[in-house]
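File shown: upload_0.txt. Contents: compact mmCIF, N, CA and C atoms.
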# COMPACT_ATOMS: atom_id res chain seq x y z
N MET A 1 -0.61 0.02 -26.27
CA MET A 1 -0.26 1.14 -25.41
C MET A 1 -0.71 2.44 -26.08
N LEU A 2 -1.18 3.36 -25.27
CA LEU A 2 -1.66 4.64 -25.77
C LEU A 2 -0.66 5.74 -25.41
N THR A 3 -0.71 6.82 -26.15
CA THR A 3 0.23 7.92 -25.90
C THR A 3 -0.42 9.30 -25.93
N THR A 4 -1.70 9.37 -26.26
CA THR A 4 -2.38 10.66 -26.37
C THR A 4 -2.65 11.25 -25.00
N MET A 5 -2.38 12.54 -24.83
CA MET A 5 -2.68 13.21 -23.57
C MET A 5 -4.12 13.67 -23.61
N VAL A 6 -4.97 12.93 -22.87
CA VAL A 6 -6.40 13.25 -22.83
C VAL A 6 -6.89 13.18 -21.39
N GLY A 7 -7.98 13.88 -21.13
CA GLY A 7 -8.60 13.82 -19.82
C GLY A 7 -8.54 15.15 -19.10
N THR A 8 -9.15 15.17 -17.93
CA THR A 8 -9.15 16.36 -17.08
C THR A 8 -7.92 16.31 -16.20
N GLN A 9 -7.21 17.40 -16.11
CA GLN A 9 -5.91 17.47 -15.46
C GLN A 9 -5.87 16.78 -14.10
N GLY A 10 -6.78 17.06 -13.21
CA GLY A 10 -6.73 16.52 -11.86
C GLY A 10 -7.01 15.03 -11.77
N TYR A 11 -7.54 14.44 -12.85
CA TYR A 11 -7.90 13.03 -12.86
C TYR A 11 -6.93 12.18 -13.67
N MET A 12 -5.99 12.84 -14.35
CA MET A 12 -5.03 12.12 -15.18
C MET A 12 -4.03 11.35 -14.32
N ALA A 13 -3.75 10.12 -14.74
CA ALA A 13 -2.73 9.32 -14.08
C ALA A 13 -1.34 9.92 -14.37
N PRO A 14 -0.39 9.67 -13.49
CA PRO A 14 0.95 10.25 -13.68
C PRO A 14 1.59 9.91 -15.02
N GLU A 15 1.31 8.71 -15.54
CA GLU A 15 1.93 8.34 -16.81
C GLU A 15 1.43 9.20 -17.96
N ILE A 16 0.21 9.68 -17.89
CA ILE A 16 -0.29 10.60 -18.92
C ILE A 16 0.41 11.95 -18.75
N VAL A 17 0.46 12.43 -17.51
CA VAL A 17 1.10 13.72 -17.23
C VAL A 17 2.57 13.70 -17.68
N ASP A 18 3.23 12.57 -17.49
CA ASP A 18 4.65 12.42 -17.86
C ASP A 18 4.86 12.12 -19.34
N ASN A 19 3.78 12.07 -20.12
CA ASN A 19 3.85 11.76 -21.55
C ASN A 19 4.45 10.38 -21.82
N SER A 20 4.15 9.42 -20.95
CA SER A 20 4.60 8.03 -21.13
C SER A 20 3.49 7.22 -21.77
N ALA A 21 3.84 6.11 -22.36
CA ALA A 21 2.83 5.20 -22.91
C ALA A 21 2.04 4.61 -21.74
N TYR A 22 0.76 4.36 -21.97
CA TYR A 22 -0.09 3.88 -20.89
C TYR A 22 -1.18 2.97 -21.42
N THR A 23 -1.82 2.24 -20.49
CA THR A 23 -2.97 1.41 -20.86
C THR A 23 -4.24 2.16 -20.48
N GLY A 24 -5.26 2.01 -21.28
CA GLY A 24 -6.52 2.68 -21.02
C GLY A 24 -7.15 2.26 -19.71
N VAL A 25 -7.13 0.97 -19.42
CA VAL A 25 -7.74 0.46 -18.19
C VAL A 25 -7.00 1.04 -16.98
N GLY A 26 -5.69 1.06 -17.02
CA GLY A 26 -4.90 1.57 -15.90
C GLY A 26 -5.19 3.02 -15.57
N VAL A 27 -5.27 3.85 -16.59
CA VAL A 27 -5.52 5.27 -16.32
C VAL A 27 -6.98 5.51 -15.96
N ASP A 28 -7.88 4.68 -16.49
CA ASP A 28 -9.29 4.81 -16.11
C ASP A 28 -9.49 4.44 -14.64
N LEU A 29 -8.80 3.40 -14.18
CA LEU A 29 -8.88 3.03 -12.77
C LEU A 29 -8.31 4.12 -11.87
N PHE A 30 -7.24 4.75 -12.32
CA PHE A 30 -6.67 5.86 -11.55
C PHE A 30 -7.69 6.99 -11.45
N ALA A 31 -8.30 7.35 -12.56
CA ALA A 31 -9.30 8.42 -12.57
C ALA A 31 -10.50 8.06 -11.69
N ALA A 32 -10.92 6.80 -11.74
CA ALA A 32 -12.03 6.37 -10.90
C ALA A 32 -11.68 6.49 -9.42
N SER A 33 -10.44 6.22 -9.07
CA SER A 33 -10.03 6.35 -7.66
C SER A 33 -10.01 7.82 -7.24
N VAL A 34 -9.67 8.72 -8.15
CA VAL A 34 -9.75 10.15 -7.84
C VAL A 34 -11.21 10.53 -7.60
N ILE A 35 -12.11 10.01 -8.44
CA ILE A 35 -13.54 10.29 -8.26
C ILE A 35 -14.02 9.77 -6.91
N LEU A 36 -13.62 8.56 -6.55
CA LEU A 36 -14.00 8.00 -5.24
C LEU A 36 -13.48 8.89 -4.11
N PHE A 37 -12.24 9.35 -4.23
CA PHE A 37 -11.68 10.23 -3.21
C PHE A 37 -12.49 11.53 -3.12
N VAL A 38 -12.82 12.11 -4.25
CA VAL A 38 -13.59 13.36 -4.26
C VAL A 38 -14.98 13.14 -3.66
N MET A 39 -15.61 12.02 -3.97
CA MET A 39 -16.93 11.73 -3.42
C MET A 39 -16.88 11.65 -1.90
N ARG A 40 -15.85 11.03 -1.36
CA ARG A 40 -15.74 10.89 0.09
C ARG A 40 -15.26 12.17 0.74
N SER A 41 -14.32 12.86 0.11
CA SER A 41 -13.66 14.02 0.72
C SER A 41 -14.35 15.34 0.44
N GLN A 42 -15.11 15.38 -0.64
CA GLN A 42 -15.74 16.62 -1.11
C GLN A 42 -14.70 17.64 -1.54
N GLN A 43 -13.56 17.14 -1.96
CA GLN A 43 -12.47 17.99 -2.48
C GLN A 43 -11.52 17.10 -3.28
N PRO A 44 -10.83 17.66 -4.25
CA PRO A 44 -9.87 16.86 -5.00
C PRO A 44 -8.60 16.63 -4.18
N PRO A 45 -7.88 15.55 -4.46
CA PRO A 45 -6.67 15.26 -3.70
C PRO A 45 -5.48 16.15 -4.07
N TRP A 46 -5.48 16.70 -5.29
CA TRP A 46 -4.36 17.50 -5.80
C TRP A 46 -4.81 18.23 -7.05
N VAL A 47 -3.93 19.05 -7.59
CA VAL A 47 -4.20 19.73 -8.86
C VAL A 47 -3.87 18.79 -10.00
N GLN A 48 -2.72 18.10 -9.89
CA GLN A 48 -2.26 17.19 -10.95
C GLN A 48 -1.38 16.11 -10.34
N ALA A 49 -1.56 14.87 -10.74
CA ALA A 49 -0.76 13.75 -10.24
C ALA A 49 0.63 13.80 -10.87
N SER A 50 1.42 14.71 -10.35
CA SER A 50 2.76 14.96 -10.87
C SER A 50 3.71 15.13 -9.69
N GLN A 51 4.95 14.76 -9.88
CA GLN A 51 5.97 14.94 -8.83
C GLN A 51 6.16 16.43 -8.52
N LYS A 52 5.71 17.30 -9.41
CA LYS A 52 5.82 18.75 -9.20
C LYS A 52 4.68 19.30 -8.35
N ASP A 53 3.59 18.55 -8.22
CA ASP A 53 2.43 18.99 -7.45
C ASP A 53 2.68 18.69 -5.97
N ALA A 54 2.62 19.71 -5.12
CA ALA A 54 2.94 19.55 -3.70
C ALA A 54 2.05 18.52 -3.02
N TYR A 55 0.76 18.47 -3.36
CA TYR A 55 -0.17 17.55 -2.71
C TYR A 55 0.07 16.10 -3.14
N TYR A 56 0.33 15.89 -4.44
CA TYR A 56 0.63 14.53 -4.89
C TYR A 56 1.99 14.09 -4.35
N LYS A 57 2.93 15.00 -4.32
CA LYS A 57 4.25 14.70 -3.78
C LYS A 57 4.13 14.31 -2.30
N ARG A 58 3.27 15.01 -1.56
CA ARG A 58 3.05 14.66 -0.15
C ARG A 58 2.49 13.24 -0.06
N PHE A 59 1.54 12.91 -0.94
CA PHE A 59 0.99 11.56 -0.93
C PHE A 59 2.08 10.52 -1.17
N LEU A 60 2.92 10.75 -2.17
CA LEU A 60 3.96 9.78 -2.52
C LEU A 60 5.00 9.62 -1.41
N ASN A 61 5.43 10.74 -0.83
CA ASN A 61 6.54 10.71 0.12
C ASN A 61 6.12 10.52 1.57
N LYS A 62 4.96 11.05 1.92
CA LYS A 62 4.50 10.99 3.31
C LYS A 62 3.00 10.76 3.36
N PRO A 63 2.56 9.54 3.01
CA PRO A 63 1.12 9.29 2.94
C PRO A 63 0.38 9.55 4.25
N LYS A 64 1.02 9.32 5.39
CA LYS A 64 0.34 9.60 6.67
C LYS A 64 0.04 11.09 6.80
N ARG A 65 0.97 11.93 6.35
CA ARG A 65 0.73 13.39 6.38
C ARG A 65 -0.36 13.78 5.39
N PHE A 66 -0.41 13.10 4.25
CA PHE A 66 -1.46 13.34 3.25
C PHE A 66 -2.83 13.10 3.89
N TRP A 67 -2.97 11.96 4.59
CA TRP A 67 -4.26 11.63 5.21
C TRP A 67 -4.57 12.56 6.37
N LYS A 68 -3.56 12.92 7.14
CA LYS A 68 -3.78 13.85 8.25
C LYS A 68 -4.24 15.20 7.72
N PHE A 69 -3.57 15.70 6.69
CA PHE A 69 -3.93 16.98 6.07
C PHE A 69 -5.37 16.94 5.55
N ASN A 70 -5.73 15.84 4.87
CA ASN A 70 -7.06 15.74 4.29
C ASN A 70 -8.15 15.45 5.32
N SER A 71 -7.76 15.06 6.52
CA SER A 71 -8.72 14.82 7.60
C SER A 71 -9.06 16.09 8.37
N ASN A 72 -8.21 17.11 8.24
CA ASN A 72 -8.49 18.37 8.93
C ASN A 72 -9.84 18.91 8.46
N ASN A 73 -10.56 19.52 9.36
CA ASN A 73 -11.87 20.11 9.08
C ASN A 73 -12.93 19.09 8.68
N LYS A 74 -12.68 17.81 8.95
CA LYS A 74 -13.68 16.78 8.66
C LYS A 74 -14.29 16.32 9.99
N PRO A 75 -15.56 15.96 9.99
CA PRO A 75 -16.17 15.44 11.22
C PRO A 75 -15.43 14.19 11.69
N GLY A 76 -15.08 14.15 12.95
CA GLY A 76 -14.41 12.98 13.50
C GLY A 76 -12.94 12.87 13.12
N LYS A 77 -12.40 13.84 12.43
CA LYS A 77 -11.03 13.91 11.93
C LYS A 77 -10.33 12.55 11.76
N LYS A 78 -9.86 11.96 12.86
CA LYS A 78 -9.05 10.74 12.75
C LYS A 78 -9.82 9.56 12.19
N SER A 79 -11.13 9.52 12.42
CA SER A 79 -11.92 8.38 11.95
C SER A 79 -12.68 8.67 10.66
N TYR A 80 -12.49 9.86 10.09
CA TYR A 80 -13.26 10.23 8.89
C TYR A 80 -12.98 9.25 7.73
N TYR A 81 -11.72 8.91 7.53
CA TYR A 81 -11.35 7.93 6.52
C TYR A 81 -11.02 6.63 7.24
N ASN A 82 -11.77 5.57 6.97
CA ASN A 82 -11.42 4.31 7.64
C ASN A 82 -10.19 3.69 6.98
N GLU A 83 -9.58 2.75 7.67
CA GLU A 83 -8.32 2.15 7.21
C GLU A 83 -8.49 1.42 5.88
N ASP A 84 -9.63 0.79 5.65
CA ASP A 84 -9.85 0.10 4.37
C ASP A 84 -9.91 1.10 3.21
N PHE A 85 -10.56 2.24 3.43
CA PHE A 85 -10.62 3.28 2.39
C PHE A 85 -9.21 3.80 2.10
N LYS A 86 -8.46 4.11 3.14
CA LYS A 86 -7.10 4.63 2.94
C LYS A 86 -6.23 3.60 2.22
N ASP A 87 -6.36 2.33 2.57
CA ASP A 87 -5.57 1.30 1.91
C ASP A 87 -5.91 1.21 0.43
N LEU A 88 -7.19 1.24 0.12
CA LEU A 88 -7.61 1.18 -1.29
C LEU A 88 -7.04 2.37 -2.06
N ILE A 89 -7.24 3.56 -1.54
CA ILE A 89 -6.75 4.77 -2.23
C ILE A 89 -5.22 4.76 -2.32
N ASN A 90 -4.55 4.37 -1.26
CA ASN A 90 -3.08 4.30 -1.29
C ASN A 90 -2.60 3.39 -2.42
N GLN A 91 -3.29 2.28 -2.62
CA GLN A 91 -2.89 1.35 -3.67
C GLN A 91 -3.26 1.84 -5.06
N MET A 92 -4.31 2.64 -5.16
CA MET A 92 -4.73 3.13 -6.47
C MET A 92 -3.98 4.38 -6.92
N PHE A 93 -3.48 5.17 -5.98
CA PHE A 93 -2.81 6.42 -6.31
C PHE A 93 -1.30 6.26 -6.54
N LYS A 94 -0.79 5.05 -6.53
CA LYS A 94 0.65 4.85 -6.69
C LYS A 94 1.14 5.43 -8.01
N TYR A 95 2.36 5.93 -7.97
CA TYR A 95 2.97 6.55 -9.14
C TYR A 95 3.19 5.53 -10.26
N ASN A 96 3.71 4.37 -9.91
CA ASN A 96 4.00 3.32 -10.89
C ASN A 96 2.73 2.52 -11.18
N PRO A 97 2.26 2.54 -12.42
CA PRO A 97 1.01 1.83 -12.74
C PRO A 97 1.11 0.33 -12.50
N GLU A 98 2.31 -0.24 -12.57
CA GLU A 98 2.49 -1.67 -12.33
C GLU A 98 2.23 -2.04 -10.87
N GLU A 99 2.30 -1.06 -9.98
CA GLU A 99 2.10 -1.30 -8.55
C GLU A 99 0.64 -1.10 -8.12
N ARG A 100 -0.18 -0.55 -8.99
CA ARG A 100 -1.58 -0.30 -8.66
C ARG A 100 -2.39 -1.59 -8.76
N LEU A 101 -3.55 -1.59 -8.11
CA LEU A 101 -4.44 -2.74 -8.16
C LEU A 101 -4.98 -2.95 -9.56
N THR A 102 -5.20 -4.21 -9.91
CA THR A 102 -5.89 -4.55 -11.15
C THR A 102 -7.39 -4.46 -10.89
N VAL A 103 -8.18 -4.61 -11.92
CA VAL A 103 -9.63 -4.58 -11.77
C VAL A 103 -10.08 -5.68 -10.80
N ASP A 104 -9.57 -6.89 -10.99
CA ASP A 104 -9.95 -8.00 -10.11
C ASP A 104 -9.55 -7.74 -8.67
N GLN A 105 -8.34 -7.23 -8.45
CA GLN A 105 -7.89 -6.94 -7.10
C GLN A 105 -8.73 -5.82 -6.48
N LEU A 106 -9.07 -4.85 -7.28
CA LEU A 106 -9.90 -3.74 -6.81
C LEU A 106 -11.27 -4.26 -6.36
N LEU A 107 -11.90 -5.07 -7.19
CA LEU A 107 -13.22 -5.60 -6.86
C LEU A 107 -13.19 -6.54 -5.66
N ASP A 108 -12.03 -7.10 -5.38
CA ASP A 108 -11.89 -8.02 -4.25
C ASP A 108 -11.39 -7.31 -2.98
N HIS A 109 -11.16 -6.01 -3.08
CA HIS A 109 -10.61 -5.27 -1.94
C HIS A 109 -11.61 -5.21 -0.79
N LYS A 110 -11.07 -5.25 0.42
CA LYS A 110 -11.90 -5.25 1.64
C LYS A 110 -12.84 -4.05 1.71
N TYR A 111 -12.40 -2.89 1.24
CA TYR A 111 -13.26 -1.70 1.28
C TYR A 111 -14.54 -1.91 0.48
N LEU A 112 -14.43 -2.52 -0.68
CA LEU A 112 -15.61 -2.74 -1.52
C LEU A 112 -16.47 -3.90 -1.02
N LYS A 113 -15.94 -4.69 -0.13
CA LYS A 113 -16.69 -5.81 0.45
C LYS A 113 -17.32 -5.41 1.78
N GLY A 114 -17.05 -4.18 2.22
CA GLY A 114 -17.49 -3.74 3.54
C GLY A 114 -18.94 -3.32 3.62
N GLU A 115 -19.26 -2.71 4.72
CA GLU A 115 -20.61 -2.26 5.04
C GLU A 115 -21.08 -1.22 4.02
N THR A 116 -22.34 -1.31 3.65
CA THR A 116 -22.94 -0.33 2.73
C THR A 116 -24.19 0.27 3.38
N TYR A 117 -24.58 1.41 2.87
CA TYR A 117 -25.78 2.08 3.37
C TYR A 117 -27.02 1.54 2.66
N THR A 118 -28.13 1.55 3.35
CA THR A 118 -29.39 1.18 2.72
C THR A 118 -29.91 2.38 1.92
N LYS A 119 -30.87 2.14 1.07
CA LYS A 119 -31.48 3.21 0.28
C LYS A 119 -32.08 4.26 1.21
N GLU A 120 -32.68 3.82 2.29
CA GLU A 120 -33.30 4.74 3.24
C GLU A 120 -32.26 5.63 3.94
N GLU A 121 -31.11 5.07 4.27
CA GLU A 121 -30.06 5.84 4.93
C GLU A 121 -29.47 6.90 4.00
N VAL A 122 -29.41 6.59 2.73
CA VAL A 122 -28.86 7.54 1.75
C VAL A 122 -29.83 8.68 1.52
N MET A 123 -31.10 8.40 1.49
CA MET A 123 -32.12 9.40 1.20
C MET A 123 -32.45 10.11 2.46
Represent the supplied structure as structure tokens.
Amino acid sequence: MLTTMVGTQGYMAPEIVDNSAYTGVGVDLFAASVILFVMRSQQPPWVQASQKDAYYKRFLNKPKRFWKFNSNNKPGKKSYYNEDFKDLINQMFKYNPEERLTVDQLLDHKYLKGETYTKEEVM
């Protein structure tokens, strides 16, 4: 178990912010899920994954409101985030690290098994 507070504030898992012991893989997966959210949303989900942060608190207490808020000003609003993406992020952003997906569960998630863009579509 690790105890050093390291990383960029907005990407730190709650256990780091709370100064609790943590596993490197667990906090790295949390940070990777923040990166995935930023890539899709073009904005960070919160300032810090802390119960004191209004945006993270909204995610924890009212995830539907979190998604509705983050869908505002997006093309297609309601369909901007598909259900598989929301499910993956919901499972990765959980406060309790024991409730988050493991690497194997993450790689087996429906979102990562879904449709992908071709090289031509991306370029």
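With only C-alpha atoms as the basis for measurement, A:Tyr111 is the residue among A:Ala54, A:Trp46, A:Leu106, A:Tyr111 that approaches Tyr81 in chain A most closely.
With only C-alpha atoms as the atoms that count, the minimum distance from Lys52 in chain A to the choices A:Met39, A:Ala31, A:Val17, A:Ile89 is reached by A:Val17.
Between atom C of Met1 in chain A and atom N of Ala21 in chain A the separation is 6.9 Å.
Using only N, CA and C atoms, the nearest neighbour of Gln48 in chain A within the list A:Tyr11, A:Tyr95, A:Trp67, A:Tyr22 is A:Tyr11.
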Could you pull the residues within 12 Å of Lys110 in chain A, counting only C-alpha atoms, minus those fewer than 5 positions along the same chain, as a PDB file with N, CA and C atoms, in the frame of the given file?
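out06.pdb, written as the output of this step:
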ATOM      1  N   ASN A  82     -11.770   5.570   6.970  1.00  0.00           N
ATOM      2  CA  ASN A  82     -11.420   4.310   7.640  1.00  0.00           C
ATOM      3  C   ASN A  82     -10.190   3.690   6.980  1.00  0.00           C
ATOM      4  N   GLU A  83      -9.580   2.750   7.670  1.00  0.00           N
ATOM      5  CA  GLU A  83      -8.320   2.150   7.210  1.00  0.00           C
ATOM      6  C   GLU A  83      -8.490   1.420   5.880  1.00  0.00           C
ATOM      7  N   ASP A  84      -9.630   0.790   5.650  1.00  0.00           N
ATOM      8  CA  ASP A  84      -9.850   0.100   4.370  1.00  0.00           C
ATOM      9  C   ASP A  84      -9.910   1.100   3.210  1.00  0.00           C
ATOM     10  N   PHE A  85     -10.560   2.240   3.430  1.00  0.00           N
ATOM     11  CA  PHE A  85     -10.620   3.280   2.390  1.00  0.00           C
ATOM     12  C   PHE A  85      -9.210   3.800   2.100  1.00  0.00           C
ATOM     13  N   LYS A  86      -8.460   4.110   3.140  1.00  0.00           N
ATOM     14  CA  LYS A  86      -7.100   4.630   2.940  1.00  0.00           C
ATOM     15  C   LYS A  86      -6.230   3.600   2.220  1.00  0.00           C
ATOM     16  N   ASP A  87      -6.360   2.330   2.570  1.00  0.00           N
ATOM     17  CA  ASP A  87      -5.570   1.300   1.910  1.00  0.00           C
ATOM     18  C   ASP A  87      -5.910   1.210   0.430  1.00  0.00           C
ATOM     19  N   LEU A  88      -7.190   1.240   0.120  1.00  0.00           N
ATOM     20  CA  LEU A  88      -7.610   1.180  -1.290  1.00  0.00           C
ATOM     21  C   LEU A  88      -7.040   2.370  -2.060  1.00  0.00           C
ATOM     22  N   ILE A  89      -7.240   3.560  -1.540  1.00  0.00           N
ATOM     23  CA  ILE A  89      -6.750   4.770  -2.230  1.00  0.00           C
ATOM     24  C   ILE A  89      -5.220   4.760  -2.320  1.00  0.00           C
ATOM     25  N   GLN A 105      -8.340  -7.230  -8.450  1.00  0.00           N
ATOM     26  CA  GLN A 105      -7.890  -6.940  -7.100  1.00  0.00           C
ATOM     27  C   GLN A 105      -8.730  -5.820  -6.480  1.00  0.00           C
ATOM     28  N   GLU A 115     -19.260  -2.710   4.720  1.00  0.00           N
ATOM     29  CA  GLU A 115     -20.610  -2.260   5.040  1.00  0.00           C
ATOM     30  C   GLU A 115     -21.080  -1.220   4.020  1.00  0.00           C
TER      31      GLU A 115
END
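Considering only C-alpha atoms, the residue among A:Leu112, A:Thr3, A:Gln9, A:Lys78 positioned nearest to Lys64 in chain A is A:Lys78.
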